[in-house]
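Peer 1: Have a peek at coords_8.txt (compact mmCIF, C-alpha atoms and all ligand atoms).
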# COMPACT_ATOMS: atom_id res chain seq x y z
CA MET L 792 122.16 108.77 79.28
CA PHE L 793 120.30 111.79 77.86
CA SER L 794 120.02 112.22 74.09
CA LEU L 795 121.83 115.11 72.48
CA ALA L 796 118.74 116.14 70.49
CA SER L 797 117.58 118.51 73.21
CA ARG L 798 117.76 121.79 71.33
CA ARG L 799 115.63 120.54 68.46
CA VAL L 800 112.93 119.25 70.82
CA ALA L 801 112.87 122.23 73.14
CA SER L 802 110.32 124.95 72.65
CA ASN L 803 109.92 128.64 73.56
CA VAL L 804 113.58 129.63 73.53
CA THR L 805 113.92 132.92 75.43
CA LYS L 806 116.80 135.05 76.74
CA ALA L 807 117.18 135.03 80.51
CA SER L 808 118.99 137.46 82.81
CA PRO L 809 122.76 136.75 83.06
CA ALA L 810 122.28 135.89 86.74
CA PHE L 811 120.36 132.86 85.63
CA ALA L 812 120.64 130.52 82.69
CA SER L 813 121.84 132.17 79.50
CA PHE L 814 119.04 130.56 77.45
CA ARG L 815 115.88 128.73 78.29
CA PHE L 816 114.38 125.77 76.48
CA MET L 817 110.97 125.33 77.97
CA SER L 818 107.27 124.92 77.76
CA SER L 819 105.76 128.04 79.35
CA LEU L 820 105.83 127.96 83.15
CA PRO L 821 103.40 129.79 85.41
CA SER L 822 104.85 132.51 87.67
CA THR L 823 103.33 130.91 90.78
CA MET L 824 102.60 127.33 91.81
CA ARG L 825 101.15 125.08 94.50
CA ALA L 826 103.67 124.15 97.19
CA ALA L 827 103.64 122.78 100.76
CA VAL L 828 105.52 125.44 102.70
CA VAL L 829 106.91 125.80 106.24
CA ARG L 830 106.81 129.43 107.42
CA GLU L 831 107.16 128.56 111.12
CA THR L 832 108.62 125.29 112.41
CA GLY L 833 106.34 123.02 114.42
CA ASP L 834 104.11 119.96 114.26
CA ALA L 835 102.83 118.44 111.02
CA HIS L 836 100.35 121.31 110.57
CA ALA L 837 103.29 123.70 110.18
CA LEU L 838 103.39 122.33 106.63
CA LYS L 839 100.75 124.31 104.73
CA LEU L 840 99.66 124.17 101.12
CA GLU L 841 100.00 127.52 99.34
CA HIS L 842 98.55 128.19 95.89
CA ASP L 843 100.64 131.20 94.89
CA PHE L 844 104.21 130.36 95.85
CA PRO L 845 106.74 131.75 93.32
CA THR L 846 107.83 129.21 90.71
CA PRO L 847 111.62 128.70 91.01
CA GLU L 848 113.93 130.41 88.52
CA LEU L 849 115.89 128.39 86.00
CA LYS L 850 119.57 128.69 86.92
CA ALA L 851 122.67 128.21 84.80
CA GLY L 852 123.56 124.52 84.68
CA GLY L 853 120.12 123.53 85.92
CA VAL L 854 116.66 122.47 84.84
CA ILE L 855 113.13 122.93 86.14
CA VAL L 856 111.36 119.65 86.88
CA LYS L 857 107.56 119.46 86.80
CA ASN L 858 107.01 117.08 89.69
CA LYS L 859 104.60 114.20 89.50
CA TYR L 860 105.52 112.77 92.90
CA ALA L 861 107.48 113.88 95.95
CA GLY L 862 108.85 111.41 98.48
CA ILE L 863 108.23 111.88 102.20
CA ASN L 864 111.24 111.08 104.38
CA PHE L 865 111.94 111.28 108.10
CA ILE L 866 114.48 114.03 107.49
CA ASP L 867 111.66 116.23 106.15
CA THR L 868 109.97 115.99 109.54
CA TYR L 869 113.26 116.99 111.25
CA HIS L 870 113.40 120.12 109.02
CA ARG L 871 109.72 120.90 109.65
CA LYS L 872 110.20 120.63 113.43
CA GLY L 873 113.36 122.72 113.39
CA LEU L 874 115.50 119.81 114.68
CA TYR L 875 117.73 120.36 111.62
CA ALA L 876 117.80 124.16 111.10
CA ARG L 877 116.71 125.73 107.77
CA ASP L 878 116.13 129.32 106.68
CA LEU L 879 112.41 130.18 106.72
CA PRO L 880 110.18 130.03 104.79
CA PHE L 881 111.01 126.89 102.82
CA VAL L 882 109.22 124.45 100.55
CA GLY L 883 109.31 121.02 102.18
CA GLY L 884 110.80 117.83 100.79
CA GLN L 885 114.00 116.79 99.11
CA GLU L 886 112.97 113.91 96.85
CA GLY L 887 111.00 114.23 93.66
CA GLY L 888 110.29 112.77 90.27
CA GLY L 889 108.59 113.93 87.10
CA GLU L 890 109.46 115.45 83.73
CA VAL L 891 111.93 118.14 82.77
CA ALA L 892 109.94 121.32 81.95
CA ALA L 893 112.75 123.81 81.29
CA VAL L 894 116.44 123.39 80.46
CA SER L 895 119.35 125.83 80.78
CA GLU L 896 121.80 126.05 77.92
CA GLU L 897 124.45 124.27 80.01
CA ALA L 898 122.09 121.42 80.85
CA ALA L 899 120.99 121.19 77.20
CA ALA L 900 124.64 120.85 76.22
CA GLN L 901 124.73 117.71 78.40
CA GLY L 902 121.89 116.24 76.36
CA ILE L 903 119.06 116.98 78.76
CA LYS L 904 115.80 117.91 77.07
CA VAL L 905 112.27 118.97 77.91
CA GLY L 906 110.14 115.89 78.58
CA ASP L 907 112.96 113.70 79.98
CA ARG L 908 111.75 111.47 82.83
CA VAL L 909 113.88 112.13 85.88
CA ALA L 910 114.11 111.74 89.64
CA TYR L 911 116.31 113.76 91.99
CA SER L 912 117.17 114.74 95.55
CA VAL L 913 117.16 118.52 96.02
CA PHE L 914 115.38 120.74 98.58
CA GLY L 915 111.89 121.94 97.65
CA SER L 916 110.20 118.89 96.10
CA TYR L 917 106.78 119.34 97.76
CA ALA L 918 105.78 121.62 94.90
CA GLU L 919 104.64 121.65 91.31
CA TYR L 920 108.08 122.75 90.09
CA THR L 921 111.62 122.37 91.48
CA ALA L 922 114.91 123.83 90.23
CA VAL L 923 117.45 121.01 89.99
CA PRO L 924 121.15 121.19 89.00
CA ALA L 925 121.74 118.90 85.99
CA ALA L 926 124.39 117.01 87.97
CA LYS L 927 121.73 115.87 90.44
CA LEU L 928 119.33 114.38 87.88
CA LEU L 929 118.80 110.64 87.75
CA PRO L 930 117.54 109.61 84.30
CA VAL L 931 114.63 107.18 84.73
CA PRO L 932 114.71 104.35 82.18
CA ASP L 933 111.63 103.08 80.36
CA GLY L 934 110.01 100.30 82.31
CA VAL L 935 110.49 102.03 85.67
CA ASP L 936 107.45 104.04 86.81
CA ILE L 937 108.00 107.55 88.12
CA ASP L 938 106.47 106.77 91.54
CA VAL L 939 108.88 103.86 91.98
CA ALA L 940 111.81 105.92 90.68
CA THR L 941 110.94 108.73 93.09
CA SER L 942 110.98 106.20 95.91
CA CYS L 943 114.53 105.22 94.94
CA VAL L 944 116.16 108.55 95.34
CA VAL L 945 116.64 108.67 99.11
CA GLN L 946 115.61 105.28 100.49
CA GLY L 947 116.74 103.19 97.52
CA MET L 948 120.07 104.96 97.14
CA THR L 949 120.58 104.80 100.91
CA ALA L 950 119.85 101.08 100.95
CA HIS L 951 122.35 100.68 98.10
CA TYR L 952 125.20 102.43 99.87
CA LEU L 953 124.40 100.65 103.17
CA VAL L 954 124.74 97.17 101.69
CA SER L 955 127.46 98.04 99.16
CA SER L 956 129.82 100.53 100.77
CA ALA L 957 129.14 101.70 104.34
CA HIS L 958 130.24 98.35 105.81
CA ALA L 959 133.75 99.02 104.45
CA ASP L 960 133.90 95.43 103.09
CA LEU L 961 134.03 94.00 106.60
CA ILE L 962 131.26 91.60 105.54
CA LYS L 963 131.69 89.15 102.66
CA PRO L 964 129.12 87.17 100.65
CA GLY L 965 127.89 84.19 102.68
CA GLU L 966 128.30 86.02 106.02
CA TRP L 967 125.53 87.21 108.34
CA CYS L 968 124.01 90.67 108.36
CA LEU L 969 121.35 91.94 110.81
CA ILE L 970 118.92 94.60 109.58
CA HIS L 971 116.41 96.19 111.96
CA GLY L 972 112.95 97.31 110.90
CA VAL L 973 112.80 95.59 107.51
CA GLY L 974 109.18 96.68 107.23
CA GLY L 975 110.34 100.32 106.85
CA GLY L 976 111.11 102.04 103.56
CA THR L 977 114.91 102.01 103.49
CA CYS L 978 115.29 98.61 105.09
CA GLN L 979 112.78 96.78 102.87
CA TRP L 980 115.16 97.69 100.08
CA ALA L 981 118.28 97.05 102.13
CA ALA L 982 117.16 93.51 103.00
CA GLN L 983 116.53 92.66 99.32
CA MET L 984 119.79 94.29 98.20
CA ALA L 985 121.76 92.51 100.94
CA LYS L 986 120.49 89.23 99.46
CA ILE L 987 121.47 90.39 95.95
CA ARG L 988 124.98 91.06 97.36
CA GLY L 989 125.04 87.50 98.70
CA TYR L 990 124.82 88.05 102.47
CA LYS L 991 122.77 85.94 104.83
CA VAL L 992 120.16 88.24 106.31
CA ILE L 993 118.40 88.37 109.66
CA GLY L 994 115.61 90.96 109.64
CA THR L 995 113.52 92.27 112.50
CA CYS L 996 110.03 93.64 111.95
CA SER L 997 106.82 94.38 113.81
CA LYS L 998 104.14 91.67 113.63
CA GLY L 999 101.84 94.10 111.80
CA LYS L 1000 104.36 94.28 108.94
CA GLU L 1001 105.22 90.57 108.83
CA ASP L 1002 103.08 89.99 105.70
CA VAL L 1003 105.21 92.42 103.68
CA CYS L 1004 108.51 91.31 105.24
CA LYS L 1005 108.00 87.61 104.45
CA ASN L 1006 108.56 88.41 100.78
CA LEU L 1007 111.92 90.14 101.18
CA GLY L 1008 114.03 86.97 101.10
CA CYS L 1009 115.42 87.23 104.66
CA ASP L 1010 117.01 83.97 105.83
CA GLU L 1011 115.59 84.61 109.30
CA LEU L 1012 112.76 87.01 110.10
CA ILE L 1013 112.27 87.97 113.75
CA ALA L 1014 108.73 89.36 114.11
CA LEU L 1015 108.19 91.30 117.34
CA ASP L 1016 105.14 92.52 119.21
CA GLU L 1017 104.38 96.21 118.81
CA VAL L 1018 104.89 98.69 121.65
CA PRO L 1019 101.33 98.93 123.04
CA GLY L 1020 99.38 101.69 121.31
CA THR L 1021 101.93 102.09 118.49
CA ALA L 1022 102.72 100.49 115.13
CA TYR L 1023 106.44 99.90 115.80
CA GLU L 1024 108.47 97.08 117.26
CA ASP L 1025 108.91 96.48 120.96
CA TYR L 1026 112.58 95.56 120.98
CA GLU L 1027 112.29 94.40 124.58
CA SER L 1028 109.53 91.88 123.85
CA MET L 1029 112.11 89.23 122.98
CA ASP L 1030 115.83 88.52 123.48
CA ILE L 1031 116.96 89.40 119.97
CA VAL L 1032 120.68 89.00 120.70
CA GLN L 1033 120.11 85.45 121.92
CA ARG L 1034 118.14 84.62 118.76
CA VAL L 1035 120.85 86.16 116.56
CA MET L 1036 123.49 84.05 118.29
CA GLU L 1037 121.38 80.88 117.85
CA VAL L 1038 120.87 81.56 114.15
CA THR L 1039 124.55 82.38 113.53
CA ASN L 1040 125.92 79.48 115.60
CA GLY L 1041 127.27 81.86 118.20
CA GLU L 1042 129.28 83.94 115.75
CA GLY L 1043 127.09 87.04 115.51
CA CYS L 1044 126.75 89.33 112.48
CA LYS L 1045 129.57 90.87 110.48
CA ALA L 1046 127.39 93.90 109.79
CA VAL L 1047 124.39 95.36 111.60
CA ILE L 1048 122.34 97.94 109.69
CA ASP L 1049 120.33 100.06 112.12
CA GLY L 1050 118.06 103.01 111.28
CA ILE L 1051 116.08 102.73 114.53
CA GLY L 1052 118.70 104.30 116.83
CA LYS L 1053 117.99 104.74 120.50
CA SER L 1054 115.84 101.60 120.96
CA THR L 1055 118.24 99.23 119.21
CA VAL L 1056 121.79 100.43 119.85
CA ASP L 1057 122.55 97.86 122.57
CA ILE L 1058 121.03 95.01 120.55
CA SER L 1059 123.06 96.06 117.53
CA ILE L 1060 126.42 96.20 119.30
CA ASN L 1061 125.78 92.96 121.20
CA SER L 1062 124.78 91.15 117.99
CA LEU L 1063 128.09 91.87 116.24
CA ALA L 1064 130.61 89.21 115.29
CA HIS L 1065 134.31 89.73 116.04
CA ARG L 1066 135.58 92.60 113.87
CA GLY L 1067 131.99 93.25 112.75
CA ILE L 1068 130.66 96.71 111.95
CA PHE L 1069 127.69 98.56 113.45
CA VAL L 1070 126.27 100.77 110.69
CA SER L 1071 124.09 103.27 112.55
CA PHE L 1072 122.37 105.23 109.79
CA GLY L 1073 119.22 106.61 111.43
CA ASN L 1074 117.23 107.50 114.51
CA ALA L 1075 113.55 106.63 113.94
CA SER L 1076 113.18 106.01 117.71
CA GLY L 1077 115.47 108.86 118.84
CA ALA L 1078 119.18 109.70 118.69
CA VAL L 1079 121.76 107.09 119.68
CA PRO L 1080 123.18 108.12 123.07
CA ALA L 1081 126.93 108.57 123.49
CA PHE L 1082 128.82 105.43 124.53
CA PRO L 1083 132.48 104.80 125.45
CA VAL L 1084 134.72 103.61 122.63
CA LEU L 1085 136.10 101.02 125.06
CA ARG L 1086 132.77 99.24 124.74
CA LEU L 1087 133.90 98.01 121.32
CA ILE L 1088 136.96 96.18 122.67
CA GLY L 1089 135.14 92.92 123.44
CA LYS L 1090 134.88 92.12 119.74
CA SER L 1091 137.32 94.65 118.26
CA ALA L 1092 134.20 96.05 116.61
CA TYR L 1093 133.80 98.96 114.21
CA VAL L 1094 131.15 101.70 114.20
CA THR L 1095 130.16 104.08 111.42
CA ARG L 1096 127.49 106.82 111.28
CA PRO L 1097 127.16 107.44 107.52
CA LYS L 1098 124.97 109.71 105.40
CA LEU L 1099 123.84 109.49 101.77
CA LEU L 1100 125.58 112.69 100.68
CA ASP L 1101 128.98 111.17 101.49
CA TYR L 1102 128.18 108.13 99.37
CA THR L 1103 127.03 110.09 96.31
CA THR L 1104 129.99 112.44 96.16
CA ASN L 1105 130.23 112.79 92.38
CA ARG L 1106 128.21 112.14 89.24
CA GLU L 1107 129.93 108.82 88.59
CA GLU L 1108 129.08 107.45 92.03
CA LEU L 1109 125.50 108.77 91.83
CA LEU L 1110 124.91 107.11 88.46
CA TRP L 1111 126.61 103.86 89.49
CA ARG L 1112 124.15 103.55 92.35
CA SER L 1113 121.01 104.68 90.48
CA ASN L 1114 121.76 102.60 87.38
CA GLU L 1115 122.29 99.52 89.51
CA VAL L 1116 119.08 100.13 91.49
CA PHE L 1117 116.99 100.90 88.36
CA GLY L 1118 118.57 97.87 86.65
CA TRP L 1119 117.53 95.53 89.49
CA LEU L 1120 114.02 96.98 89.30
CA LYS L 1121 113.80 96.38 85.55
CA GLU L 1122 115.12 92.84 85.94
CA GLY L 1123 112.52 92.13 88.63
CA LYS L 1124 115.21 91.39 91.24
CA LEU L 1125 113.99 94.19 93.47
CA ASN L 1126 110.44 94.78 94.59
CA VAL L 1127 109.57 98.28 95.74
CA LYS L 1128 106.37 98.82 97.61
CA VAL L 1129 104.76 102.24 97.46
CA ASP L 1130 102.72 102.05 100.65
CA THR L 1131 100.52 105.13 100.38
CA THR L 1132 100.16 108.21 98.23
CA PHE L 1133 98.69 111.41 99.66
CA PRO L 1134 97.56 114.35 97.51
CA LEU L 1135 99.76 117.40 98.18
CA GLU L 1136 96.64 119.05 99.64
CA GLN L 1137 97.02 116.57 102.56
CA ALA L 1138 100.58 117.65 103.34
CA ALA L 1139 100.18 117.41 107.13
CA GLU L 1140 98.52 113.97 106.92
CA GLY L 1141 101.53 112.61 105.01
CA HIS L 1142 103.92 113.64 107.79
CA LEU L 1143 101.61 112.37 110.53
CA TYR L 1144 101.37 108.99 108.82
CA LEU L 1145 105.16 108.62 108.54
CA GLU L 1146 105.77 109.75 112.11
CA ALA L 1147 103.21 107.25 113.44
CA GLY L 1148 105.51 104.47 112.14
CA LYS L 1149 102.62 102.97 110.14
CA SER L 1150 104.23 102.86 106.71
CA LYS L 1151 104.96 99.51 105.09
CA GLY L 1152 107.04 101.01 102.31
CA LYS L 1153 107.39 104.33 100.55
CA VAL L 1154 105.07 107.23 101.31
CA LEU L 1155 104.61 109.78 98.52
CA TYR L 1156 102.72 112.94 97.69
CA GLU L 1157 101.07 113.02 94.29
CA ILE L 1158 101.51 116.56 93.03
N1 LIG B 1201 121.95 108.33 107.03
C1 LIG B 1201 121.28 108.28 105.91
O1 LIG B 1201 121.88 108.29 104.83
C2 LIG B 1201 119.79 108.13 105.95
C3 LIG B 1201 119.05 108.03 104.76
C4 LIG B 1201 117.68 107.78 104.84
C5 LIG B 1201 117.05 107.70 106.09
N2 LIG B 1201 117.80 107.88 107.22
C6 LIG B 1201 117.20 107.77 108.56
O2 LIG B 1201 116.89 106.41 108.83
C7 LIG B 1201 115.73 106.31 109.65
C8 LIG B 1201 114.70 105.41 108.97
O3 LIG B 1201 114.29 106.02 107.76
P1 LIG B 1201 113.26 105.32 106.76
O4 LIG B 1201 113.18 106.23 105.60
O5 LIG B 1201 113.63 103.93 106.50
O6 LIG B 1201 111.91 105.39 107.60
P2 LIG B 1201 110.58 104.47 107.55
O7 LIG B 1201 110.33 103.97 106.19
O8 LIG B 1201 109.49 105.21 108.22
O9 LIG B 1201 110.99 103.24 108.47
C9 LIG B 1201 111.44 103.41 109.76
C10 LIG B 1201 111.01 102.23 110.64
O10 LIG B 1201 111.35 102.59 111.96
C11 LIG B 1201 110.39 102.05 112.85
N3 LIG B 1201 109.89 103.19 113.64
C12 LIG B 1201 109.23 104.27 113.23
N4 LIG B 1201 108.99 105.10 114.25
C13 LIG B 1201 109.53 104.52 115.33
C14 LIG B 1201 109.62 104.89 116.71
N5 LIG B 1201 109.11 106.03 117.16
N6 LIG B 1201 110.27 104.05 117.54
C15 LIG B 1201 110.80 102.91 117.10
N7 LIG B 1201 110.75 102.52 115.80
C16 LIG B 1201 110.12 103.31 114.95
C17 LIG B 1201 109.32 101.36 112.03
O11 LIG B 1201 109.70 99.99 111.92
P3 LIG B 1201 108.94 98.80 112.69
O12 LIG B 1201 107.49 98.90 112.35
O13 LIG B 1201 109.58 97.57 112.21
O14 LIG B 1201 109.15 99.04 114.14
C18 LIG B 1201 109.50 101.99 110.66
O15 LIG B 1201 109.08 101.16 109.64
C19 LIG B 1201 115.29 107.76 109.90
O16 LIG B 1201 115.85 108.22 111.10
C20 LIG B 1201 115.91 108.53 108.74
O17 LIG B 1201 116.12 109.88 109.00
C21 LIG B 1201 119.14 108.08 107.17
Since I need it in another form, could you write the structure as structure tokens?
Ligand SMILES: NC(=O)c1ccc[n+]([C@@H]2O[C@H](COP(=O)([O-])OP(=O)(O)OC[C@H]3O[C@@H](n4cnc5c(N)ncnc54)[C@H](OP(=O)(O)O)[C@@H]3O)[C@@H](O)[C@H]2O)c1

Peer 2:
Amino acid sequence: MFSLASRRVASNVTKASPAFASFRFMSSLPSTMRAAVVRETGDAHALKLEHDFPTPELKAGGVIVKNKYAGINFIDTYHRKGLYARDLPFVGGQEGGGEVAAVSEEAAAQGIKVGDRVAYSVFGSYAEYTAVPAAKLLPVPDGVDIDVATSCVVQGMTAHYLVSSAHADLIKPGEWCLIHGVGGGTCQWAAQMAKIRGYKVIGTCSKGKEDVCKNLGCDELIALDEVPGTAYEDYESMDIVQRVMEVTNGEGCKAVIDGIGKSTVDISINSLAHRGIFVSFGNASGAVPAFPVLRLIGKSAYVTRPKLLDYTTNREELLWRSNEVFGWLKEGKLNVKVDTTFPLEQAAEGHLYLEAGKSKGKVLYEI
């Protein structure tokens, strides 16, 4: 991965306090930076751009990344609202990409050097600089742009584990998979990756996103009317389960991948094949309500509620996933659509756009 020539390339070697990295290899960093910060949880305007937020310290075993892009994800809105608790104040975001600007001695020993192109998932990416442990860095190969690589880190890696691992091998190549909301970020990728894995794919999408979704390779695309006054699917505008059963000759789907949550849970369970698995990975429409386990008996079905962290448990697993995703991108097997890029100055607008359900792919901040 990284070349071992780091020490020769690095500049401005200075001693640091023992609490932090023992040596620094860096271009000079400013003491403060621009960052989109939450000091009080609330609506999108709780995210405010500050021009003098302290630049993070380089820690032992870590690097400082100078961000070019930060990804906007639904989870960032949950942190901003206080739905998922965080200590205040905090810099928003947990997905970024750019170039390494400073390297600890320990990271340098792993071959990481100033100027390396990287992407990562660590808190505090809505900022000019982010401190990242070396173990969390994804090296970005030549031929993959940083905006696309940044888009991979949460949604791309999530899509990878959803179609590769979370189904616990209960679906085999040639069998049917249902994926809701294939116009969204994660599921645009998941639909394409499910085809790469050899599954037959039924995708649902809103009619407003049909143009994008037609190019994903789904065997069957179910385009639904939008809920009046919104940009997202009205899952009651059509009998989706009936359509799934028609398409699958009454068998249903061996895996259902569902990031919509509350609005789709019944459709997902009812669309399963015998011994199929409901992979409930998100709640774009609200949390999935509790349901009795006995409900699964009709088809001896399985349910899982996975998260990315549990599918990137060590460096080997992280690199397996990122190398495969970046490889597919380089080979042209995977098409990633960056929908919109907001300047960091428009931090609130980025969150409002995502929450309105309008995105047809990845939404980024350009730092
Ligand atoms: N467990 C994990 O590892 C993991 C990882 C990443 C994301 N997630 C979660 O998965 C969910 C989707 O994330 P994403 O990054 O793919 O988001 P995204 O790119 O915004 O896509 C979500 C899709 O959900 C639909 N949608 C949005 N708001 C809605 C609403 N209020 N009601 C009904 N449908 C709505 C839209 O699809 P249509 O236009 O087709 O209706 C939208 O394209 C989020 O809850 C996120 O937190 C979980």

Peer 1: Identify, on the basis of all atoms listed in the file, every residue whose closest approach to L:Pro924 does not exceed 7 Å; exclude the query and any residue fewer than 5 positions from it along the same chain; express the result as a ChimeraX atom specification.

Peer 2: /L:852-854

Peer 1: Which residues sit within 6 Å of ligand LIG 1201 (chain B), counting all atoms listed in the file, listed as a PyMOL selection string?

Peer 2: chain L and resi 864-866+945-946+949+972+974-978+996-997+1022-1024+1050-1051+1072-1076+1097-1099+1145+1148+1150+1152

Peer 1: In Å to one decimal, how far is atom CA of L:Ser1059 from atom CA of L:Met1036?

Peer 2: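 Atom CA of L:Ser1059 lies at a distance of 12.0 Å from atom CA of L:Met1036.
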
Peer 1: With distances taken over all atoms listed in the file, which of L:Glu966, L:Asp1016, L:Asp1101, L:Asp1049 is nearest to L:Val992?

Peer 2: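 For L:Val992, the nearest of the candidates is L:Glu966.
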
Peer 1: Write out as lines of an AutoDock Vina configuration file an axis-aligned box for stretch 1032-1042 of chain L: all of its atoms listed in the file, 4 Å added on each side, centre and edge lengths in Å with one decimal.

Peer 2:
center_x = 123.7
center_y = 84.2
center_z = 117.7
size_x = 19.1
size_y = 17.5
size_z = 16.4

Peer 1: So how far away is atom CA of L:Gly889 from atom CA of L:Ala950, in Å?

Peer 2: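 Those two atoms sit 22.0 Å apart.
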
Peer 1: So which one's closest to L:Leu969, L:Lys991, L:Arg830, L:Lys1121, L:His951? Using only C-alpha atoms, please.

Peer 2: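 Of L:Lys991, L:Arg830, L:Lys1121, L:His951, the one nearest L:Leu969 is L:Lys991, counting only C-alpha atoms.
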
Peer 1: Between L:Glu919, L:Glu1140, L:Glu1042, L:Asp878, which is the closest to L:Asp843 once you count only C-alpha atoms?

Peer 2: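 Among L:Glu919, L:Glu1140, L:Glu1042, L:Asp878, it is L:Glu919 that comes nearest to L:Asp843.
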
Peer 1: Since the input lacks some atoms of stretch 1071-1092 of chain L, please model N, CA and C atoms and print them as a short mmCIF file (atom, residue, chain, number, x, y, z; two decimals), in the frame of the given file.

Peer 2:
data_model
loop_
_atom_site.label_atom_id
_atom_site.label_comp_id
_atom_site.auth_asym_id
_atom_site.auth_seq_id
_atom_site.Cartn_x
_atom_site.Cartn_y
_atom_site.Cartn_z
N SER L 1071 125.21 102.55 111.92
CA SER L 1071 124.09 103.27 112.55
C SER L 1071 123.71 104.42 111.63
N PHE L 1072 122.64 104.22 110.84
CA PHE L 1072 122.37 105.23 109.79
C PHE L 1072 121.15 106.09 110.09
N GLY L 1073 120.42 105.81 111.20
CA GLY L 1073 119.22 106.61 111.43
C GLY L 1073 118.76 106.58 112.87
N ASN L 1074 117.72 107.38 113.15
CA ASN L 1074 117.23 107.50 114.51
C ASN L 1074 115.70 107.59 114.56
N ALA L 1075 115.03 106.61 113.96
CA ALA L 1075 113.55 106.63 113.94
C ALA L 1075 112.98 106.65 115.36
N SER L 1076 113.70 106.05 116.33
CA SER L 1076 113.18 106.01 117.71
C SER L 1076 113.84 107.06 118.61
N GLY L 1077 114.73 107.86 118.05
CA GLY L 1077 115.47 108.86 118.84
C GLY L 1077 116.96 108.67 118.62
N ALA L 1078 117.73 109.71 118.96
CA ALA L 1078 119.18 109.70 118.69
C ALA L 1078 119.89 108.64 119.53
N VAL L 1079 120.93 108.06 118.96
CA VAL L 1079 121.76 107.09 119.68
C VAL L 1079 122.54 107.83 120.77
N PRO L 1080 122.43 107.42 122.03
CA PRO L 1080 123.18 108.12 123.07
C PRO L 1080 124.68 107.83 122.97
N ALA L 1081 125.48 108.75 123.52
CA ALA L 1081 126.93 108.57 123.49
C ALA L 1081 127.31 107.30 124.26
N PHE L 1082 128.32 106.60 123.79
CA PHE L 1082 128.82 105.43 124.53
C PHE L 1082 130.34 105.40 124.43
N PRO L 1083 131.02 104.80 125.45
CA PRO L 1083 132.48 104.80 125.45
C PRO L 1083 133.05 103.91 124.34
N VAL L 1084 134.07 104.39 123.71
CA VAL L 1084 134.72 103.61 122.63
C VAL L 1084 135.20 102.26 123.17
N LEU L 1085 135.59 102.25 124.45
CA LEU L 1085 136.10 101.02 125.06
C LEU L 1085 135.08 99.88 124.99
N ARG L 1086 133.82 100.26 124.84
CA ARG L 1086 132.77 99.24 124.74
C ARG L 1086 132.98 98.31 123.53
N LEU L 1087 133.72 98.79 122.55
CA LEU L 1087 133.90 98.01 121.32
C LEU L 1087 135.01 96.97 121.44
N ILE L 1088 135.76 97.02 122.57
CA ILE L 1088 136.96 96.18 122.67
C ILE L 1088 136.64 94.69 122.71
N GLY L 1089 135.48 94.35 123.29
CA GLY L 1089 135.14 92.92 123.44
C GLY L 1089 135.24 92.15 122.14
N LYS L 1090 134.85 92.81 121.04
CA LYS L 1090 134.88 92.12 119.74
C LYS L 1090 135.73 92.87 118.72
N SER L 1091 136.53 93.80 119.19
CA SER L 1091 137.32 94.65 118.26
C SER L 1091 136.39 95.16 117.16
N ALA L 1092 135.24 95.69 117.58
CA ALA L 1092 134.20 96.05 116.61
C ALA L 1092 134.43 97.43 116.00
#
